[in-house]
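Peer 1: This one is upload21.pdb, PDB, N, CA and C atoms.
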ATOM      1  N   MET A 241     -16.551   9.798 -30.174
ATOM      2  CA  MET A 241     -15.552   9.696 -29.112
ATOM      3  C   MET A 241     -15.957  10.497 -27.876
ATOM      4  N   ASN A 242     -16.742  11.543 -28.108
ATOM      5  CA  ASN A 242     -17.095  12.434 -26.995
ATOM      6  C   ASN A 242     -17.957  11.750 -25.948
ATOM      7  N   TRP A 243     -18.846  10.855 -26.386
ATOM      8  CA  TRP A 243     -19.758  10.208 -25.426
ATOM      9  C   TRP A 243     -19.040   9.177 -24.563
ATOM     10  N   LEU A 244     -17.807   8.816 -24.935
ATOM     11  CA  LEU A 244     -17.056   7.847 -24.134
ATOM     12  C   LEU A 244     -16.528   8.461 -22.838
ATOM     13  N   MET A 245     -16.287   9.754 -22.838
ATOM     14  CA  MET A 245     -15.705  10.399 -21.662
ATOM     15  C   MET A 245     -16.538  10.220 -20.396
ATOM     16  N   PRO A 246     -17.840  10.530 -20.418
ATOM     17  CA  PRO A 246     -18.651  10.356 -19.195
ATOM     18  C   PRO A 246     -18.642   8.912 -18.710
ATOM     19  N   ILE A 247     -18.692   7.969 -19.655
ATOM     20  CA  ILE A 247     -18.691   6.555 -19.276
ATOM     21  C   ILE A 247     -17.377   6.219 -18.585
ATOM     22  N   LYS A 248     -16.279   6.712 -19.155
ATOM     23  CA  LYS A 248     -14.963   6.481 -18.563
ATOM     24  C   LYS A 248     -14.913   7.050 -17.155
ATOM     25  N   LEU A 249     -15.379   8.281 -17.002
ATOM     26  CA  LEU A 249     -15.357   8.937 -15.689
ATOM     27  C   LEU A 249     -16.213   8.182 -14.684
ATOM     28  N   SER A 250     -17.401   7.781 -15.089
ATOM     29  CA  SER A 250     -18.289   7.064 -14.165
ATOM     30  C   SER A 250     -17.671   5.716 -13.798
ATOM     31  N   LEU A 251     -17.007   5.070 -14.754
ATOM     32  CA  LEU A 251     -16.349   3.791 -14.469
ATOM     33  C   LEU A 251     -15.260   3.980 -13.433
ATOM     34  N   ILE A 252     -14.477   5.056 -13.603
ATOM     35  CA  ILE A 252     -13.402   5.350 -12.656
ATOM     36  C   ILE A 252     -14.003   5.610 -11.280
ATOM     37  N   ASN A 253     -15.101   6.368 -11.242
ATOM     38  CA  ASN A 253     -15.752   6.663  -9.965
ATOM     39  C   ASN A 253     -16.266   5.391  -9.305
ATOM     40  N   TYR A 254     -16.873   4.522 -10.111
ATOM     41  CA  TYR A 254     -17.404   3.270  -9.557
ATOM     42  C   TYR A 254     -16.277   2.396  -9.021
ATOM     43  N   CYS A 255     -15.157   2.326  -9.756
ATOM     44  CA  CYS A 255     -14.010   1.538  -9.299
ATOM     45  C   CYS A 255     -13.495   2.110  -7.985
ATOM     46  N   ASP A 256     -13.398   3.436  -7.913
ATOM     47  CA  ASP A 256     -12.923   4.102  -6.702
ATOM     48  C   ASP A 256     -13.830   3.753  -5.528
ATOM     49  N   LEU A 257     -15.144   3.871  -5.750
ATOM     50  CA  LEU A 257     -16.122   3.577  -4.706
ATOM     51  C   LEU A 257     -16.008   2.117  -4.275
ATOM     52  N   PHE A 258     -15.873   1.228  -5.265
ATOM     53  CA  PHE A 258     -15.768  -0.209  -4.991
ATOM     54  C   PHE A 258     -14.560  -0.504  -4.109
ATOM     55  N   PHE A 259     -13.407   0.112  -4.462
ATOM     56  CA  PHE A 259     -12.198  -0.145  -3.678
ATOM     57  C   PHE A 259     -12.311   0.440  -2.280
ATOM     58  N   GLN A 260     -12.982   1.593  -2.160
ATOM     59  CA  GLN A 260     -13.197   2.188  -0.832
ATOM     60  C   GLN A 260     -14.038   1.239   0.017
ATOM     61  N   MET A 261     -15.116   0.721  -0.566
ATOM     62  CA  MET A 261     -15.978  -0.206   0.163
ATOM     63  C   MET A 261     -15.193  -1.467   0.538
ATOM     64  N   LEU A 262     -14.387  -1.954  -0.407
ATOM     65  CA  LEU A 262     -13.604  -3.163  -0.174
ATOM     66  C   LEU A 262     -12.654  -2.974   1.001
ATOM     67  N   SER A 263     -11.956  -1.822   1.012
ATOM     68  CA  SER A 263     -11.005  -1.571   2.107
ATOM     69  C   SER A 263     -11.752  -1.424   3.429
ATOM     70  N   LEU A 264     -12.939  -0.803   3.381
ATOM     71  CA  LEU A 264     -13.737  -0.628   4.598
ATOM     72  C   LEU A 264     -14.156  -1.997   5.136
ATOM     73  N   VAL A 265     -14.668  -2.844   4.247
ATOM     74  CA  VAL A 265     -15.096  -4.190   4.647
ATOM     75  C   VAL A 265     -13.918  -4.978   5.207
ATOM     76  N   THR A 266     -12.763  -4.871   4.539
ATOM     77  CA  THR A 266     -11.574  -5.582   4.997
ATOM     78  C   THR A 266     -11.187  -5.117   6.392
ATOM     79  N   MET A 267     -11.261  -3.788   6.615
ATOM     80  CA  MET A 267     -10.924  -3.234   7.925
ATOM     81  C   MET A 267     -11.859  -3.796   8.990
ATOM     82  N   VAL A 268     -13.163  -3.813   8.684
ATOM     83  CA  VAL A 268     -14.154  -4.321   9.646
ATOM     84  C   VAL A 268     -13.884  -5.789   9.961
ATOM     85  N   ILE A 269     -13.604  -6.571   8.906
ATOM     86  CA  ILE A 269     -13.332  -7.999   9.108
ATOM     87  C   ILE A 269     -12.081  -8.177   9.967
ATOM     88  N   MET A 270     -11.041  -7.375   9.702
ATOM     89  CA  MET A 270      -9.812  -7.471  10.481
ATOM     90  C   MET A 270     -10.105  -7.163  11.944
ATOM     91  N   LYS A 271     -10.872  -6.093  12.200
ATOM     92  CA  LYS A 271     -11.213  -5.715  13.582
ATOM     93  C   LYS A 271     -11.986  -6.844  14.249
ATOM     94  N   ASN A 272     -12.970  -7.404  13.532
ATOM     95  CA  ASN A 272     -13.757  -8.499  14.092
ATOM     96  C   ASN A 272     -12.875  -9.706  14.363
ATOM     97  N   GLY A 273     -11.930  -9.975  13.465
ATOM     98  CA  GLY A 273     -11.014 -11.085  13.647
ATOM     99  C   GLY A 273     -10.191 -10.886  14.913
ATOM    100  N   GLU A 274      -9.713  -9.653  15.119
ATOM    101  CA  GLU A 274      -8.940  -9.353  16.321
ATOM    102  C   GLU A 274      -9.794  -9.575  17.562
ATOM    103  N   LEU A 275     -11.049  -9.111  17.511
ATOM    104  CA  LEU A 275     -11.949  -9.273  18.648
ATOM    105  C   LEU A 275     -12.189 -10.753  18.930
ATOM    106  N   LEU A 276     -12.406 -11.532  17.857
ATOM    107  CA  LEU A 276     -12.643 -12.971  18.030
ATOM    108  C   LEU A 276     -11.416 -13.650  18.624
ATOM    109  N   LEU A 277     -10.224 -13.263  18.143
ATOM    110  CA  LEU A 277      -8.992 -13.844  18.680
ATOM    111  C   LEU A 277      -8.859 -13.496  20.158
ATOM    112  N   GLY A 278      -9.191 -12.240  20.495
ATOM    113  CA  GLY A 278      -9.125 -11.808  21.894
ATOM    114  C   GLY A 278     -10.077 -12.622  22.753
ATOM    115  N   LEU A 279     -11.279 -12.865  22.258
ATOM    116  CA  LEU A 279     -12.256 -13.663  23.010
ATOM    117  C   LEU A 279     -11.756 -15.085  23.194
ATOM    118  N   LYS A 280     -11.164 -15.645  22.142
ATOM    119  CA  LYS A 280     -10.631 -17.002  22.234
ATOM    120  C   LYS A 280      -9.554 -17.065  23.323
ATOM    121  N   GLU A 281      -8.678 -16.059  23.339
ATOM    122  CA  GLU A 281      -7.613 -16.037  24.343
ATOM    123  C   GLU A 281      -8.194 -15.952  25.750
ATOM    124  N   MET A 282      -9.264 -15.131  25.886
ATOM    125  CA  MET A 282      -9.901 -14.962  27.199
ATOM    126  C   MET A 282     -10.577 -16.262  27.651
ATOM    127  N   LEU A 283     -11.214 -16.963  26.719
ATOM    128  CA  LEU A 283     -11.935 -18.193  27.060
ATOM    129  C   LEU A 283     -10.988 -19.335  27.408
ATOM    130  N   ARG A 284      -9.777 -19.240  26.912
ATOM    131  CA  ARG A 284      -8.823 -20.327  27.133
ATOM    132  C   ARG A 284      -8.498 -20.517  28.605
TER     133      ARG A 284
END
Rewrite the coordinates I just gave you, this time as structure tokens.
Peer 2:
Amino acid sequence: MNWLMPIKLSLINYCDLFFQMLSLVTMVIMKNGELLLGLKEMLR
């Protein structure tokens, strides 16, 4: 049972990192989407 602890901890860390990256990517996409919408409005 003892060897499961590090694996559990590393899994939690990886999930945390994954979600951080996901939120970062989502933020970037949202910003780019806003910029694209702004450009579309300007071109109109």
Peer 1: For atom CA of Lys248 of chain A and atom CA of Met267 of chain A, quote the distance in Å rounded to one decimal.
Peer 2: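 Separating atom CA of Lys248 of chain A from atom CA of Met267 of chain A is a distance of 28.5 Å.
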Peer 1: Figure out the distance between atom CA of Asn272 of chain A and atom CA of Phe259 of chain A, please, to one decimal in Å.
Peer 2: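 Distance reported for this atom pair: 19.7 Å.
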Peer 1: Between atom C of Lys271 of chain A and atom C of Ile252 of chain A, what distance in Å does the model show, to one decimal?
Peer 2: 28.5 Å
Peer 1: Given 6 Å of margin on each side, can you work out the centre and size in Å (one decimal) of an axis-aligned box holding every listed atom of segment 242-261 of chain A, as AutoDock Vina command-line options?
Peer 2:
--center_x -16.0 --center_y 5.5 --center_z -13.8 --size_x 19.6 --size_y 25.9 --size_z 40.6
